[in-house]
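J.: Sharing a structure, written as structure tokens. Questions coming.
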Amino acid sequence: MRETTDILISGGGVAGLTAAAAFGAAGFRVICVDPAPPVTGAEEDGADLRTTAFLQPARAVLEAAGLWERLAPHAAALKVMRIVDAGGEAPEPRIVKDFDAAEIGEEPFGWNFPNWLLRRETVARIAELPNVSFRPGVATAGVLTRTDAALVTLSDGTTVSARLLVAADGRASPVREAAGIGVKTTRYGQKALAFAVTHPIPHDNVSTEIHRTGGPFTLVPLPDRDGRPCSAIVWMETGPEVLRLAALPVAEFEAEMLARSAGLFGPLTLVTRRSVWPIISQIADRFEAERIALLAEAAHVVPPIGAQGLNMSLADLACLVDLAKAAPDRLGERAMLLAYHRRRWPEVKARVTGIDLLNRTSMLGARPLRDLRAGALNALYSLAPVRRTLMKAGLGMR
């Protein structure tokens, strides 16, 4: 069977589904495929228990896609980013610095959502768009490009002719591989544990990043759970240490959490399972090929520091949608894709480099280096213009 469409999106994660909604809302005919049906409930097997903070610039993308009104009721606002250095002799706070969004405007830094909920609401939005066809359980099996179209063979036997093929199929992207695009990968020997907790001391919509060794221990605000303050946690450590922590009985794990969180929120109660994620940095050699655009983790991967990952992906998407809307008749043509690569690759490269440096700094184990890190945090924070510049840069604001 042969079909034609404007855009075929390979990959139905949060980025791929958001892209399907965004291009669909802009009037393009879209097919989105993914080999696995999306898990849209917190308790289901395979649920993605990580959370995503959509930073300020992402809101415009979500509004244009018709997603923001669905997501807003579930949002936990991020008004303050707190950096805590607990790198002294004992695991207790020695430096606490607050980056307050009120210093640079009226809006919070962003809004936090569980990833499984993002999938649920995005799938529901796509179902409202008659020009978007979402096909879970269907994979991209083969890619052949020509100057006028990408011919994509799907695992159900369908052949699709698309003016633009968007690769949103993850860090090991089959579409990227089919296009012959190389990647540079950096491995840190780290993994991350992701889970949610309740705690007696309220988070007051403050995202708290606690630095000691091995990587940051980050608490991100979630709406209350059963009347108790609730946070999502990403705990980065060396690979063997994460596997040890993941296997601990709950009571022992909670004791380790209390120590690593420097007791800032009181005893932490585990309320979800623990999921383990590998930590790498990665950037593709280029973000385009004939009739193909790389999006999200097919293009770039960063450690989960400063909520940059998916927000970089939404910046990719905003750029692609703008180019498509500016010249719909030239969708997927060489000039459009080169413009996409030129606009996004240098910006992404700079962010990947910056986050790599932050991650290496957060991993420091030697005490004198940890002291140096604390001193640098103190110095940077103390200069108000530098502080405001850092906050704006983190949001992707000029």
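FYI, nothing fancy with the structure tokens labels: chains A, B, ... in order, residues from 1 per chain, ligands from 1 as they appear.
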DSSP on the backbone, then: every residue of stretch 229-337 of chain A marked alpha helix (DSSP H), written as a PyMOL selection string.
T.: chain A and resi 239-247+250-260+309-326+334-337
J.: Save out the residues we just selected, C-alpha atoms, as a compact mmCIF listing (two decimals), in the first residue's frame.
T.:
```txt
# COMPACT_ATOMS: atom_id res chain seq x y z
CA GLY A 239 26.95 3.48 37.25
CA PRO A 240 27.79 0.86 39.94
CA GLU A 241 26.54 3.17 42.73
CA VAL A 242 23.19 3.76 40.97
CA LEU A 243 22.71 0.00 40.52
CA ARG A 244 23.49 -0.52 44.22
CA LEU A 245 20.98 2.19 45.22
CA ALA A 246 18.31 0.84 42.88
CA ALA A 247 18.54 -2.60 44.49
CA VAL A 250 13.01 0.74 50.52
CA ALA A 251 13.86 1.61 54.15
CA GLU A 252 17.62 1.57 53.43
CA PHE A 253 17.10 3.56 50.23
CA GLU A 254 15.10 6.20 52.10
CA ALA A 255 17.91 6.50 54.67
CA GLU A 256 20.44 7.05 51.85
CA MET A 257 18.13 9.66 50.28
CA LEU A 258 17.81 11.55 53.54
CA ALA A 259 21.60 11.79 53.83
CA ARG A 260 22.17 12.73 50.16
CA GLY A 309 17.16 18.40 27.07
CA LEU A 310 13.54 18.61 25.93
CA ASN A 311 13.67 22.41 25.80
CA MET A 312 16.46 22.19 23.21
CA SER A 313 14.19 19.73 21.35
CA LEU A 314 11.28 22.19 21.40
CA ALA A 315 13.60 24.92 20.10
CA ASP A 316 14.45 22.52 17.21
CA LEU A 317 10.73 22.05 16.63
CA ALA A 318 9.93 25.78 16.77
CA CYS A 319 12.65 26.44 14.16
CA LEU A 320 11.40 23.66 11.85
CA VAL A 321 7.75 24.73 12.12
CA ASP A 322 8.68 28.38 11.44
CA LEU A 323 10.62 27.38 8.31
CA ALA A 324 7.78 25.12 7.14
CA LYS A 325 5.11 27.80 7.66
CA ALA A 326 7.26 30.48 5.97
CA ARG A 334 17.45 21.43 0.52
CA ALA A 335 17.44 25.18 1.26
CA MET A 336 14.93 24.76 4.11
CA LEU A 337 16.90 21.94 5.73
```
J.: Neighbours of stretch 165-171 of chain A within 6 Å (only C-alpha atoms; same-chain residues fewer than 2 positions away dropped), as a PyMOL selection string?
T.: chain A and resi 7-11+16+173+175+292-295+297-298
J.: Write out as a PyMOL selection string all residues of stretch 160-394 of chain A that backbone DSSP assigns to strand (DSSP E or B).
T.: chain A and resi 160-167+183-198+206-211+217-225+228-238+269-270+275-284+288-289+292-294+300-301
J.: Please list as a list of chain:residue names every residue within 8 Å of A:Met81, counting only C-alpha atoms and excluding residues in the same chain fewer than 4 positions away.
T.: A:Asp98, A:Phe99, A:Asp100, A:Val206, A:Ser207, A:Thr208, A:Glu209
J.: Of the candidates A:Pro91, A:Pro202, A:Val14, A:Asp156, which one gets nearest to A:Trp116 if we count only C-alpha atoms?
T.: A:Val14
J.: What is the atom CA of A:Ile126-atom CA of A:Phe23 distance in Å, reported with one decimal?
T.: 10.4 Å
J.: Give me, please, the distance in Å between atom CA of A:His199 and atom CA of A:Arg212, quoted to one decimal.
T.: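 According to the coordinates, atom CA of A:His199 and atom CA of A:Arg212 are separated by 20.9 Å.
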J.: Write out as a ChimeraX atom specification the residues lying within 9 Å of A:Val39, counting only C-alpha atoms and excluding same-chain residues fewer than 5 positions away.
T.: /A:44-48,116,119-120
J.: List the neighbours of A:Pro200 out to 7 Å using only C-alpha atoms; skip same-chain residues closer than 4 positions along the sequence, and give me the result as a PyMOL selection string.
T.: chain A and resi 228-229+265-266
J.: Please write the residues from the selection above to a file, keeping C-alpha atoms, as an mmCIF file, in the first residue's frame.
T.:
```cif
data_model
loop_
_atom_site.group_PDB
_atom_site.id
_atom_site.type_symbol
_atom_site.label_atom_id
_atom_site.label_comp_id
_atom_site.auth_asym_id
_atom_site.auth_seq_id
_atom_site.Cartn_x
_atom_site.Cartn_y
_atom_site.Cartn_z
ATOM 1 C CA ARG A 228 1.689 15.872 51.188
ATOM 2 C CA PRO A 229 4.324 17.928 49.328
ATOM 3 C CA PHE A 265 13.101 18.413 53.130
ATOM 4 C CA GLY A 266 12.969 16.079 56.126
#
```
